[in-house]
file work-v4.cif (mmCIF, C-alpha atoms)
data_start
loop_
_atom_site.label_atom_id
_atom_site.label_comp_id
_atom_site.auth_asym_id
_atom_site.auth_seq_id
_atom_site.Cartn_x
_atom_site.Cartn_y
_atom_site.Cartn_z
CA MET F 1 -60.79 107.25 14.74
CA VAL F 2 -63.49 104.66 14.52
CA ARG F 3 -61.82 103.23 11.46
CA ILE F 4 -58.52 102.82 13.30
CA LYS F 5 -60.23 100.96 16.13
CA ARG F 6 -61.86 98.59 13.62
CA ILE F 7 -58.50 97.86 12.02
CA ARG F 8 -56.91 97.15 15.42
CA LYS F 9 -59.83 94.88 16.34
CA ARG F 10 -59.40 92.93 13.11
CA LYS F 11 -55.63 92.52 13.77
CA ILE F 12 -56.35 91.21 17.23
CA ILE F 13 -58.87 88.73 15.81
CA LEU F 14 -56.38 87.61 13.14
CA LEU F 15 -53.60 87.18 15.67
CA ALA F 16 -55.90 85.19 17.94
CA ALA F 17 -56.95 82.99 15.04
CA ALA F 18 -53.30 82.44 14.06
CA GLY F 19 -52.49 81.50 17.65
CA VAL F 20 -55.34 79.02 17.78
CA LEU F 21 -54.25 77.56 14.45
CA THR F 22 -50.64 77.21 15.67
CA VAL F 23 -51.78 75.45 18.81
CA ALA F 24 -53.95 73.12 16.73
CA VAL F 25 -51.03 72.30 14.46
CA LEU F 26 -48.77 71.59 17.45
CA VAL F 27 -51.42 69.36 19.02
CA LEU F 28 -51.82 67.48 15.71
CA LEU F 29 -48.04 66.97 15.39
CA ALA F 30 -47.83 65.71 18.96
CA PHE F 31 -50.66 63.28 18.32
CA LEU F 32 -49.00 61.98 15.17
CA SER F 33 -45.67 61.52 17.03
CA VAL F 34 -47.30 59.58 19.82
CA SER F 35 -49.11 57.37 17.30
CA ALA F 36 -45.86 56.65 15.46
CA VAL F 37 -44.10 55.72 18.68
CA LEU F 38 -46.94 53.43 19.74
CA LYS F 39 -46.98 51.80 16.31
CA MET F 40 -43.22 51.21 16.44
CA MET F 41 -43.45 49.73 19.92
CA LYS F 42 -46.25 47.45 18.77
CA GLY F 43 -44.16 46.36 15.78
CA ASN F 44 -41.17 45.57 17.97
CA ALA F 45 -43.32 43.55 20.32
CA GLU F 46 -44.78 41.59 17.42
CA THR F 47 -41.27 40.95 16.06
CA ALA F 48 -40.02 39.75 19.44
CA GLU F 49 -43.05 37.50 19.77
CA THR F 50 -42.38 36.05 16.29
CA VAL F 51 -38.71 35.39 17.06
CA ALA F 52 -39.59 33.72 20.34
CA GLU F 53 -42.17 31.57 18.60
CA GLU F 54 -39.67 30.55 15.88
CA THR F 55 -37.08 29.72 18.52
CA LEU F 56 -39.52 27.48 20.32
CA ASN F 57 -40.56 25.83 17.07
CA THR F 58 -36.95 25.08 16.05
CA ALA F 59 -35.66 23.92 19.45
CA PRO F 60 -34.73 20.21 19.61
CA GLU F 61 -37.32 17.92 21.11
CA ASN F 62 -34.68 16.70 23.55
CA PRO F 63 -32.78 19.76 24.85
CA GLN F 64 -30.01 17.52 26.19
CA GLU F 65 -28.93 16.84 22.62
CA SER F 66 -27.70 20.42 22.25
CA LEU F 67 -26.38 21.05 25.74
CA PRO F 68 -22.95 19.81 26.89
CA GLU F 69 -22.86 17.84 30.10
CA THR F 70 -21.14 19.74 32.89
CA THR F 71 -19.17 18.55 35.86
CA GLY F 72 -19.58 21.54 38.18
CA GLN F 73 -15.87 21.52 38.97
CA GLU F 74 -13.35 24.33 39.04
CA ASN F 75 -10.25 24.86 36.96
CA PRO F 76 -7.32 23.80 39.18
CA GLU F 77 -5.20 26.53 37.60
CA GLU F 78 -7.45 29.04 39.38
CA THR F 79 -7.53 27.21 42.72
CA GLY F 80 -3.97 25.97 42.92
CA GLY F 81 -5.10 22.39 42.45
CA GLU F 82 -6.56 22.16 45.95
CA GLU F 83 -10.19 22.17 44.83
CA SER F 84 -12.05 20.45 42.03
CA HIS F 85 -12.38 22.04 38.56
CA ALA F 86 -15.25 24.42 37.60
CA GLY F 87 -16.53 24.13 34.07
CA GLU F 88 -13.90 21.48 33.46
CA GLU F 89 -13.84 20.04 29.98
CA LYS F 90 -14.46 16.39 30.81
CA LEU F 91 -14.62 13.28 28.68
CA LEU F 92 -17.53 11.33 30.11
CA LEU F 93 -17.96 7.69 29.20
CA SER F 94 -21.49 6.33 29.45
CA GLY F 95 -21.93 2.97 27.79
CA ASN F 96 -20.75 3.45 24.21
CA SER F 97 -21.50 7.18 24.08
CA LEU F 98 -19.35 10.19 24.86
CA SER F 99 -20.38 13.62 26.06
CA VAL F 100 -17.74 16.31 25.73
CA ASN F 101 -17.73 19.87 27.00
CA GLU F 102 -16.22 22.75 25.06
CA ALA F 103 -12.79 24.00 26.13
CA GLU F 104 -12.79 27.21 28.15
CA ASP F 105 -9.10 27.93 27.83
CA GLY F 106 -7.43 28.96 24.61
CA PRO F 107 -4.86 26.82 22.80
CA PRO F 108 -1.29 26.86 24.10
CA GLU F 109 0.90 29.41 22.36
CA ILE F 110 4.30 28.45 23.78
CA ILE F 111 5.36 24.97 24.81
CA ASP F 112 8.27 24.10 27.06
CA ASP F 113 11.56 23.10 25.43
CA ASP F 114 12.07 19.34 25.68
CA SER F 115 15.58 19.15 24.20
CA LEU F 116 17.53 18.36 27.38
CA GLN F 117 14.86 16.00 28.74
CA ASP F 118 14.50 14.23 25.37
CA MET F 119 18.22 13.60 25.15
CA ASN F 120 18.43 12.26 28.71
CA SER F 121 15.26 10.17 28.44
CA VAL F 122 16.34 7.75 25.71
CA VAL F 123 15.52 4.20 26.82
CA GLU F 124 18.70 2.11 26.67
CA SER F 125 17.19 -1.38 27.00
CA GLU F 126 15.52 -3.36 24.23
CA MET F 127 11.75 -3.54 23.97
CA GLU F 128 10.23 -6.81 25.13
CA ASP F 129 8.94 -8.20 21.85
CA ASP F 130 8.24 -11.92 21.58
CA ASP F 131 8.02 -12.32 17.80
CA ASN F 132 11.76 -11.65 17.16
CA VAL F 133 10.97 -9.50 14.10
CA ARG F 134 12.72 -6.19 13.65
CA LYS F 135 10.27 -3.34 13.78
CA VAL F 136 10.39 0.43 13.68
CA TYR F 137 7.91 3.00 14.94
CA LEU F 138 8.21 6.55 13.66
CA THR F 139 6.77 9.01 16.18
CA PHE F 140 6.30 12.77 16.11
CA ASP F 141 5.81 14.91 19.22
CA ASP F 142 4.45 18.43 19.79
CA GLY F 143 2.20 18.86 16.74
CA PRO F 144 0.14 19.81 15.00
CA SER F 145 2.10 22.58 13.31
CA VAL F 146 2.37 24.38 9.98
CA TYR F 147 4.48 21.42 8.80
CA THR F 148 2.13 18.56 9.72
CA ASP F 149 0.45 18.50 6.32
CA GLU F 150 3.85 18.31 4.64
CA ILE F 151 4.94 15.48 6.96
CA LEU F 152 1.73 13.62 6.14
CA ASP F 153 2.32 14.16 2.43
CA ILE F 154 5.79 12.62 2.72
CA LEU F 155 4.50 9.61 4.67
CA LYS F 156 1.76 9.13 2.08
CA LYS F 157 4.28 9.29 -0.76
CA TYR F 158 6.30 6.42 0.73
CA GLY F 159 3.27 4.46 1.92
CA VAL F 160 4.39 4.29 5.55
CA LYS F 161 2.56 4.98 8.80
CA ALA F 162 3.57 6.90 11.92
CA THR F 163 2.31 7.88 15.35
CA PHE F 164 1.60 11.51 16.24
CA PHE F 165 1.64 12.43 19.93
CA VAL F 166 -0.21 15.73 19.67
CA CYS F 167 -0.78 18.74 21.90
CA GLY F 168 -3.48 21.41 21.89
CA THR F 169 -1.54 23.63 19.48
CA GLY F 170 -4.21 23.19 16.80
CA ASP F 171 -7.12 24.08 19.07
CA GLY F 172 -8.72 27.27 17.78
CA ASP F 173 -6.33 27.55 14.81
CA PRO F 174 -8.30 26.86 11.59
CA GLU F 175 -5.08 26.68 9.59
CA ILE F 176 -3.89 23.50 11.31
CA ARG F 177 -6.84 22.19 13.33
CA HIS F 178 -7.92 19.92 10.47
CA VAL F 179 -4.79 17.77 10.70
CA TYR F 180 -5.99 15.95 13.83
CA LYS F 181 -8.60 14.30 11.63
CA ARG F 182 -6.27 13.89 8.66
CA ILE F 183 -3.83 11.93 10.85
CA VAL F 184 -6.57 9.44 11.71
CA ASP F 185 -8.16 9.37 8.25
CA GLU F 186 -4.85 8.39 6.63
CA GLY F 187 -4.27 5.44 8.94
CA HIS F 188 -1.75 6.90 11.38
CA ALA F 189 -2.00 6.50 15.15
CA ILE F 190 -2.82 9.54 17.25
CA GLY F 191 -1.72 9.83 20.87
CA MET F 192 -1.65 12.45 23.61
CA HIS F 193 1.38 14.56 24.50
CA SER F 194 -0.53 16.77 26.96
CA TYR F 195 -2.71 19.72 25.99
CA SER F 196 -0.49 22.56 27.17
CA HIS F 197 3.00 21.02 27.12
CA VAL F 198 3.82 23.46 29.91
CA TYR F 199 5.55 21.57 32.71
CA SER F 200 3.97 23.58 35.51
CA LYS F 201 0.49 22.82 34.14
CA VAL F 202 1.14 19.16 33.38
CA TYR F 203 3.21 18.17 36.42
CA GLY F 204 2.09 20.70 39.06
CA ASP F 205 0.00 18.07 40.87
CA LEU F 206 -2.39 15.25 40.02
CA ASP F 207 -5.40 17.56 39.65
CA LEU F 208 -3.58 19.67 37.09
CA PHE F 209 -2.38 16.55 35.30
CA GLN F 210 -5.93 15.15 35.10
CA TYR F 211 -7.29 18.49 33.90
CA ASP F 212 -4.70 18.73 31.13
CA LEU F 213 -5.23 15.07 30.21
CA ASP F 214 -8.99 15.60 29.87
CA LYS F 215 -8.47 18.60 27.62
CA ILE F 216 -6.23 16.86 25.09
CA ARG F 217 -8.34 13.71 25.13
CA ASN F 218 -11.51 15.72 24.53
CA LEU F 219 -9.92 17.75 21.75
CA ILE F 220 -8.79 14.64 19.88
CA TYR F 221 -12.20 13.01 20.29
CA ASN F 222 -14.03 16.14 19.12
CA GLU F 223 -11.89 16.39 15.99
CA THR F 224 -11.53 12.71 15.06
CA GLY F 225 -14.21 10.65 16.80
CA VAL F 226 -11.40 8.51 18.25
CA VAL F 227 -10.96 8.12 21.99
CA PRO F 228 -7.15 8.21 22.34
CA LYS F 229 -5.44 5.79 24.72
CA TYR F 230 -1.70 6.24 24.05
CA TYR F 231 0.21 8.88 25.96
CA ARG F 232 3.70 10.30 25.86
CA PHE F 233 4.87 12.34 28.82
CA PRO F 234 6.45 15.70 28.00
CA GLY F 235 10.14 15.07 28.67
CA GLY F 236 9.50 11.31 28.91
CA SER F 237 8.46 9.17 31.86
CA GLY F 238 11.96 9.51 33.32
CA ASN F 239 11.92 13.32 33.33
CA THR F 240 13.44 15.29 36.20
CA ILE F 241 10.73 17.97 36.20
CA ALA F 242 7.68 16.33 37.80
CA SER F 243 6.78 17.69 41.23
CA ILE F 244 5.71 14.31 42.59
CA PRO F 245 6.84 10.75 41.81
CA MET F 246 6.12 9.81 38.20
CA GLY F 247 4.51 6.58 39.32
CA GLN F 248 1.52 8.60 40.53
CA TYR F 249 0.94 10.17 37.11
CA ILE F 250 1.34 6.76 35.50
CA SER F 251 -1.29 5.36 37.87
CA VAL F 252 -3.73 8.01 36.63
CA LEU F 253 -3.24 6.79 33.07
CA TYR F 254 -3.58 3.14 33.98
CA SER F 255 -6.73 3.78 35.98
CA GLN F 256 -8.34 5.10 32.78
CA GLY F 257 -7.17 2.34 30.46
CA MET F 258 -4.27 4.21 28.86
CA GLU F 259 -0.70 3.21 28.04
CA TYR F 260 2.37 5.42 27.70
CA TYR F 261 5.34 5.16 25.35
CA ASP F 262 8.85 6.55 25.55
CA TRP F 263 11.53 6.19 22.84
CA ASN F 264 14.87 4.45 22.28
CA VAL F 265 16.06 6.37 19.19
CA TYR F 266 16.46 10.14 19.31
CA GLY F 267 17.00 12.15 16.13
CA GLY F 268 18.27 15.17 18.05
CA ASP F 269 15.84 17.63 16.47
CA SER F 270 14.27 19.09 19.63
CA SER F 271 13.69 22.82 19.77
CA GLY F 272 16.86 23.44 21.76
CA ASN F 273 19.04 22.11 18.94
CA SER F 274 19.69 23.35 15.43
CA LEU F 275 20.94 20.26 13.64
CA SER F 276 21.24 19.99 9.90
CA PRO F 277 18.91 17.58 8.06
CA SER F 278 21.85 15.27 7.33
CA LYS F 279 22.80 15.11 11.02
CA ILE F 280 19.22 14.29 12.00
CA VAL F 281 19.22 11.48 9.42
CA GLU F 282 22.57 10.17 10.71
CA ASN F 283 21.47 10.21 14.36
CA THR F 284 18.23 8.45 13.55
CA LEU F 285 19.59 5.67 11.37
CA ASN F 286 22.55 5.02 13.69
CA GLY F 287 20.11 4.62 16.56
CA VAL F 288 17.91 2.26 14.57
CA ASP F 289 20.92 0.10 13.71
CA ARG F 290 21.47 -0.51 17.44
CA ARG F 291 17.90 -1.70 18.09
CA ASP F 292 15.92 -4.80 17.27
CA THR F 293 12.75 -2.76 17.70
CA ALA F 294 13.13 1.01 17.37
CA VAL F 295 10.82 3.77 18.55
CA ILE F 296 12.10 6.93 16.86
CA LEU F 297 11.47 10.35 18.40
CA LEU F 298 11.14 13.28 16.00
CA HIS F 299 9.33 16.58 16.39
CA ASP F 300 6.55 18.38 14.55
CA THR F 301 6.78 22.09 15.38
CA GLY F 302 6.88 25.33 13.44
CA SER F 303 10.57 25.75 14.26
CA ARG F 304 11.63 22.32 13.03
CA ARG F 305 11.82 22.71 9.27
CA ASN F 306 14.99 20.59 9.18
CA THR F 307 13.03 17.62 10.50
CA VAL F 308 10.75 17.82 7.49
CA LEU F 309 13.76 18.07 5.16
CA ALA F 310 15.37 15.04 6.81
CA LEU F 311 12.26 12.85 6.75
CA PRO F 312 12.52 11.49 3.16
CA ASP F 313 16.11 10.32 3.72
CA ILE F 314 15.15 8.77 7.08
CA ILE F 315 12.31 6.81 5.47
CA GLU F 316 14.46 5.72 2.53
CA GLY F 317 17.17 4.59 4.95
CA LEU F 318 14.64 2.53 6.88
CA LEU F 319 13.20 0.97 3.74
CA ASP F 320 16.73 0.12 2.53
CA ARG F 321 17.14 -1.81 5.79
CA GLY F 322 13.95 -3.72 5.13
CA LEU F 323 12.08 -1.75 7.80
CA SER F 324 8.71 -0.17 7.04
CA PRO F 325 7.47 2.10 9.86
CA SER F 326 4.24 1.03 11.54
CA PRO F 327 1.88 2.98 13.80
CA ILE F 328 1.73 2.13 17.49
CA ASP F 329 -1.25 -0.09 18.25
CA ASP F 330 -2.52 -2.36 21.00
CA ASP F 331 0.00 -5.04 20.02
CA THR F 332 2.99 -2.70 20.37
CA PRO F 333 5.02 -3.61 23.49
CA PRO F 334 5.21 -0.66 25.92
CA LEU F 335 8.55 1.13 26.06
CA HIS F 336 9.12 2.70 29.48
CA GLN F 337 12.09 4.61 30.79
CA PHE F 338 10.49 5.00 34.20
CA ASP F 339 10.96 1.28 34.86
CA GLU F 340 14.71 1.83 34.73
CA ALA F 341 14.80 5.12 36.59
CA ASN F 342 14.83 5.69 40.32
CA ALA F 343 11.50 4.30 41.52
CA GLU F 344 10.96 7.38 43.67
CA ARG F 345 10.90 9.55 40.56
#
call {"tool": "encode", "arguments": {"input": "work-v4.cif", "output": "structure tokens"}}
result
Amino acid sequence: MVRIKRIRKRKIILLAAAGVLTVAVLVLLAFLSVSAVLKMMKGNAETAETVAEETLNTAPENPQESLPETTGQENPEETGGEESHAGEEKLLLSGNSLSVNEAEDGPPEIIDDDSLQDMNSVVESEMEDDDNVRKVYLTFDDGPSVYTDEILDILKKYGVKATFFVCGTGDGDPEIRHVYKRIVDEGHAIGMHSYSHVYSKVYGDLDLFQYDLDKIRNLIYNETGVVPKYYRFPGGSGNTIASIPMGQYISVLYSQGMEYYDWNVYGGDSSGNSLSPSKIVENTLNGVDRRDTAVILLHDTGSRRNTVLALPDIIEGLLDRGLSPSPIDDDTPPLHQFDEANAER
């Protein structure tokens, strides 16, 4: 009996010892876990401190060099044009320097069809040119597109120059964005044809017009380093779409030192038509034959493959006539349809 009691006593002692040992192990594990967490937190803090220090060490001495200048205006598309533009991308002239904000809106995906307006906006009078020398200006609207590089290759092959009135279609598209700069680098003139080429955004009111004008001007400057000053109205200056008299839009351009150009030869290749390359060539050369100085309108869009196919024959036809296309420059006489249209439009 005594022996049984001793055995039970020993079991109790062993169980108690095991319990104490278990508790000790649990306490040790908890301590180790807390230490690991504290060490990790300390490491994260040190890393954050290092990153912050590196950021401060690599920041420009003049923070204005890396920050775009803002205008504190609102996008008129969000306010209906009644208020000023917020975060507006604005080309700001200060002496000889330019400060340009990044665009907030994406590039236009669909542009309005100009075919009817282009056909009805051909200027019928001759350009006022005092030197009595026949000249021809080859102009392309609506680009850049997937065909702009090919058009530039053709122009380079024949050694002739053109004028590209571009839109924002290349903004944000790495496949074609580079051609803004290529146009300038290869000696062609670059002009503005609006950023959106959406009539409601361009001609809704003067605030919308200015906003769109700033966007395309900024885009061209960002890509080329050139401040553009030639403009072509979508649908021409004699269009029937504008919500207010065209003279008011023209005044906006003139107030900022810009000039606009229409056309007096139309190849008929707008997006609303599906003419064969040979017909485009025929229309173009027939129009040139009726002009002392010709401003030819062609189009550079992804749907106008026939324009590209027609271009070599157009250039060869011009060269056969002793006419080598030149880019529009400051000496090019303005060609305006608005001057002949109803003054109220």
call {"tool": "atom_distance", "arguments": {"input": "work-v4.cif", "atom1": "atom CA of F:Gly204", "atom2": "atom CA of F:Ser243"}}
result
6.0 Å
call {"tool": "closest_residue", "arguments": {"input": "work-v4.cif", "among": "F:Lys215, F:Asn286, F:Trp263, F:Tyr203", "to": "F:Ile250", "atoms": "only C-alpha atoms"}}
result
F:Tyr203
call {"tool": "residues_around", "arguments": {"input": "work-v4.cif", "residues": "F:Pro144", "least_positions_apart": "6", "cutoff": "7 Å", "atoms": "all atoms listed in the file", "output": "list in words"}}
result
Val166, Thr169, Gly170, Ile176, Val179 and Asp300 of chain F
call {"tool": "closest_residue", "arguments": {"input": "work-v4.cif", "among": "F:Glu282, F:Glu259, F:Asp269, F:Asp173", "to": "F:Asp330", "atoms": "all atoms listed in the file"}}
result
F:Glu259
call {"tool": "atom_distance", "arguments": {"input": "work-v4.cif", "atom1": "atom CA of F:Ile151", "atom2": "atom CA of F:Val133"}}
result
26.7 Å
call {"tool": "resolve_selection", "arguments": {"input": "work-v4.cif", "expression": "the PyMOL selection byres ((chain F and resi 231) around 9)", "output": "ChimeraX atom specification"}}
result
/F:165,191-194,228-230,232-233,253,258-262
call {"tool": "write_last_selection", "arguments": {"input": "work-v4.cif", "atoms": "C-alpha atoms", "output": "mmCIF file, in the coordinates of the input"}}
result
data_model
loop_
_atom_site.group_PDB
_atom_site.id
_atom_site.type_symbol
_atom_site.label_atom_id
_atom_site.label_comp_id
_atom_site.auth_asym_id
_atom_site.auth_seq_id
_atom_site.Cartn_x
_atom_site.Cartn_y
_atom_site.Cartn_z
ATOM 1 C CA PHE F 165 1.640 12.430 19.930
ATOM 2 C CA GLY F 191 -1.720 9.830 20.870
ATOM 3 C CA MET F 192 -1.650 12.450 23.610
ATOM 4 C CA HIS F 193 1.380 14.560 24.500
ATOM 5 C CA SER F 194 -0.530 16.770 26.960
ATOM 6 C CA PRO F 228 -7.150 8.210 22.340
ATOM 7 C CA LYS F 229 -5.440 5.790 24.720
ATOM 8 C CA TYR F 230 -1.700 6.240 24.050
ATOM 9 C CA ARG F 232 3.700 10.300 25.860
ATOM 10 C CA PHE F 233 4.870 12.340 28.820
ATOM 11 C CA LEU F 253 -3.240 6.790 33.070
ATOM 12 C CA MET F 258 -4.270 4.210 28.860
ATOM 13 C CA GLU F 259 -0.700 3.210 28.040
ATOM 14 C CA TYR F 260 2.370 5.420 27.700
ATOM 15 C CA TYR F 261 5.340 5.160 25.350
ATOM 16 C CA ASP F 262 8.850 6.550 25.550
#
call {"tool": "closest_residue", "arguments": {"input": "work-v4.cif", "among": "F:Val202, F:Val136, F:Ala310, F:Ala189", "to": "F:Asn264", "atoms": "all atoms listed in the file"}}
result
F:Val136
call {"tool": "resolve_selection", "arguments": {"input": "work-v4.cif", "expression": "the PyMOL selection byres ((chain F and resi 316-324) around 8)", "output": "PyMOL selection string"}}
result
chain F and resi 134-136+160+285+312-315+325-326
call {"tool": "axis_aligned_box", "arguments": {"input": "work-v4.cif", "around": "stretch 187-192 of chain F", "padding_each_side": "3 Å", "output": "JSON"}}
result
{"center_x": -3.0, "center_y": 8.9, "center_z": 16.3, "size_x": 8.6, "size_y": 13.0, "size_z": 20.7}
call {"tool": "residues_around", "arguments": {"input": "work-v4.cif", "residues": "F:Tyr147", "least_positions_apart": "5", "cutoff": "8 Å", "atoms": "only C-alpha atoms", "output": "list in words"}}
result
Asp300, Thr301, Gly302, Arg305 and Val308 of chain F
call {"tool": "residues_around", "arguments": {"input": "work-v4.cif", "residues": "F:Leu138", "least_positions_apart": "4", "cutoff": "9 Å", "atoms": "all atoms listed in the file", "output": "list of chain:residue names"}}
result
F:Lys161, F:Ala162, F:Thr163, F:Phe164, F:Ala294, F:Val295, F:Ile296, F:Leu297, F:Leu298, F:Pro325, F:Ser326, F:Pro327, F:Ile328
call {"tool": "write_last_selection", "arguments": {"input": "work-v4.cif", "atoms": "C-alpha atoms", "output": "compact mmCIF listing (two decimals), in the frame of the given file"}}
result
# COMPACT_ATOMS: atom_id res chain seq x y z
CA LYS F 161 2.56 4.98 8.80
CA ALA F 162 3.57 6.90 11.92
CA THR F 163 2.31 7.88 15.35
CA PHE F 164 1.60 11.51 16.24
CA ALA F 294 13.13 1.01 17.37
CA VAL F 295 10.82 3.77 18.55
CA ILE F 296 12.10 6.93 16.86
CA LEU F 297 11.47 10.35 18.40
CA LEU F 298 11.14 13.28 16.00
CA PRO F 325 7.47 2.10 9.86
CA SER F 326 4.24 1.03 11.54
CA PRO F 327 1.88 2.98 13.80
CA ILE F 328 1.73 2.13 17.49
call {"tool": "resolve_selection", "arguments": {"input": "work-v4.cif", "expression": "the PyMOL selection byres ((chain F and resi 182) around 12)", "output": "PDB file with C-alpha atoms, in the coordinates of the input"}}
result
ATOM      1  CA  PRO F 144       0.140  19.810  15.000  1.00  0.00           C
ATOM      2  CA  THR F 148       2.130  18.560   9.720  1.00  0.00           C
ATOM      3  CA  ASP F 149       0.450  18.500   6.320  1.00  0.00           C
ATOM      4  CA  GLU F 150       3.850  18.310   4.640  1.00  0.00           C
ATOM      5  CA  ILE F 151       4.940  15.480   6.960  1.00  0.00           C
ATOM      6  CA  LEU F 152       1.730  13.620   6.140  1.00  0.00           C
ATOM      7  CA  ASP F 153       2.320  14.160   2.430  1.00  0.00           C
ATOM      8  CA  LYS F 156       1.760   9.130   2.080  1.00  0.00           C
ATOM      9  CA  PHE F 164       1.600  11.510  16.240  1.00  0.00           C
ATOM     10  CA  ILE F 176      -3.890  23.500  11.310  1.00  0.00           C
ATOM     11  CA  ARG F 177      -6.840  22.190  13.330  1.00  0.00           C
ATOM     12  CA  HIS F 178      -7.920  19.920  10.470  1.00  0.00           C
ATOM     13  CA  VAL F 179      -4.790  17.770  10.700  1.00  0.00           C
ATOM     14  CA  TYR F 180      -5.990  15.950  13.830  1.00  0.00           C
ATOM     15  CA  LYS F 181      -8.600  14.300  11.630  1.00  0.00           C
ATOM     16  CA  ILE F 183      -3.830  11.930  10.850  1.00  0.00           C
ATOM     17  CA  VAL F 184      -6.570   9.440  11.710  1.00  0.00           C
ATOM     18  CA  ASP F 185      -8.160   9.370   8.250  1.00  0.00           C
ATOM     19  CA  GLU F 186      -4.850   8.390   6.630  1.00  0.00           C
ATOM     20  CA  GLY F 187      -4.270   5.440   8.940  1.00  0.00           C
ATOM     21  CA  HIS F 188      -1.750   6.900  11.380  1.00  0.00           C
ATOM     22  CA  ALA F 189      -2.000   6.500  15.150  1.00  0.00           C
ATOM     23  CA  ILE F 190      -2.820   9.540  17.250  1.00  0.00           C
ATOM     24  CA  ILE F 220      -8.790  14.640  19.880  1.00  0.00           C
ATOM     25  CA  GLU F 223     -11.890  16.390  15.990  1.00  0.00           C
ATOM     26  CA  THR F 224     -11.530  12.710  15.060  1.00  0.00           C
ATOM     27  CA  GLY F 225     -14.210  10.650  16.800  1.00  0.00           C
TER      28      GLY F 225
END
call {"tool": "residues_around", "arguments": {"input": "work-v4.cif", "residues": "F:Gly267", "least_positions_apart": "5", "cutoff": "6 Å", "atoms": "all atoms listed in the file", "output": "PyMOL selection string"}}
result
chain F and resi 280+283-284+298
call {"tool": "atom_distance", "arguments": {"input": "work-v4.cif", "atom1": "atom CA of F:Tyr266", "atom2": "atom CA of F:Gln210"}}
result
27.9 Å
call {"tool": "closest_residue", "arguments": {"input": "work-v4.cif", "among": "F:Ile216, F:Val227, F:Ile154, F:Leu311", "to": "F:Gly257", "atoms": "all atoms listed in the file"}}
result
F:Val227
call {"tool": "closest_residue", "arguments": {"input": "work-v4.cif", "among": "F:Val252, F:Leu335, F:Leu275, F:Leu309", "to": "F:Asp214", "atoms": "all atoms listed in the file"}}
result
F:Val252
call {"tool": "build_atoms", "arguments": {"input": "work-v4.cif", "residues": "stretch 268-282 of chain F", "atoms": "N, CA and C atoms", "output": "PDB file, in the coordinates of the input"}}
result
ATOM      1  N   GLY F 268      17.547  13.966  17.646  1.00  0.00           N
ATOM      2  CA  GLY F 268      18.270  15.170  18.050  1.00  0.00           C
ATOM      3  C   GLY F 268      17.697  16.454  17.498  1.00  0.00           C
ATOM      4  N   ASP F 269      16.426  16.446  17.125  1.00  0.00           N
ATOM      5  CA  ASP F 269      15.840  17.630  16.470  1.00  0.00           C
ATOM      6  C   ASP F 269      14.973  18.463  17.404  1.00  0.00           C
ATOM      7  N   SER F 270      15.094  18.305  18.714  1.00  0.00           N
ATOM      8  CA  SER F 270      14.270  19.090  19.630  1.00  0.00           C
ATOM      9  C   SER F 270      14.534  20.583  19.457  1.00  0.00           C
ATOM     10  N   SER F 271      13.639  21.379  20.007  1.00  0.00           N
ATOM     11  CA  SER F 271      13.690  22.820  19.770  1.00  0.00           C
ATOM     12  C   SER F 271      14.949  23.486  20.304  1.00  0.00           C
ATOM     13  N   GLY F 272      15.638  22.839  21.225  1.00  0.00           N
ATOM     14  CA  GLY F 272      16.860  23.440  21.760  1.00  0.00           C
ATOM     15  C   GLY F 272      18.072  23.223  20.878  1.00  0.00           C
ATOM     16  N   ASN F 273      17.916  22.391  19.838  1.00  0.00           N
ATOM     17  CA  ASN F 273      19.040  22.110  18.940  1.00  0.00           C
ATOM     18  C   ASN F 273      18.765  22.671  17.558  1.00  0.00           C
ATOM     19  N   SER F 274      19.820  22.881  16.805  1.00  0.00           N
ATOM     20  CA  SER F 274      19.690  23.350  15.430  1.00  0.00           C
ATOM     21  C   SER F 274      20.555  22.470  14.549  1.00  0.00           C
ATOM     22  N   LEU F 275      20.169  21.212  14.430  1.00  0.00           N
ATOM     23  CA  LEU F 275      20.940  20.260  13.640  1.00  0.00           C
ATOM     24  C   LEU F 275      20.553  20.338  12.179  1.00  0.00           C
ATOM     25  N   SER F 276      21.507  20.043  11.331  1.00  0.00           N
ATOM     26  CA  SER F 276      21.240  19.990   9.900  1.00  0.00           C
ATOM     27  C   SER F 276      20.395  18.772   9.574  1.00  0.00           C
ATOM     28  N   PRO F 277      19.679  18.771   8.442  1.00  0.00           N
ATOM     29  CA  PRO F 277      18.910  17.580   8.060  1.00  0.00           C
ATOM     30  C   PRO F 277      19.781  16.326   7.995  1.00  0.00           C
ATOM     31  N   SER F 278      20.990  16.456   7.457  1.00  0.00           N
ATOM     32  CA  SER F 278      21.850  15.270   7.330  1.00  0.00           C
ATOM     33  C   SER F 278      22.241  14.708   8.688  1.00  0.00           C
ATOM     34  N   LYS F 279      22.450  15.577   9.691  1.00  0.00           N
ATOM     35  CA  LYS F 279      22.800  15.110  11.020  1.00  0.00           C
ATOM     36  C   LYS F 279      21.616  14.416  11.682  1.00  0.00           C
ATOM     37  N   ILE F 280      20.420  14.930  11.460  1.00  0.00           N
ATOM     38  CA  ILE F 280      19.220  14.290  12.000  1.00  0.00           C
ATOM     39  C   ILE F 280      19.061  12.896  11.397  1.00  0.00           C
ATOM     40  N   VAL F 281      19.293  12.782  10.093  1.00  0.00           N
ATOM     41  CA  VAL F 281      19.220  11.480   9.420  1.00  0.00           C
ATOM     42  C   VAL F 281      20.258  10.528  10.012  1.00  0.00           C
ATOM     43  N   GLU F 282      21.481  11.011  10.184  1.00  0.00           N
ATOM     44  CA  GLU F 282      22.570  10.170  10.710  1.00  0.00           C
ATOM     45  C   GLU F 282      22.238   9.693  12.119  1.00  0.00           C
TER      46      GLU F 282
END
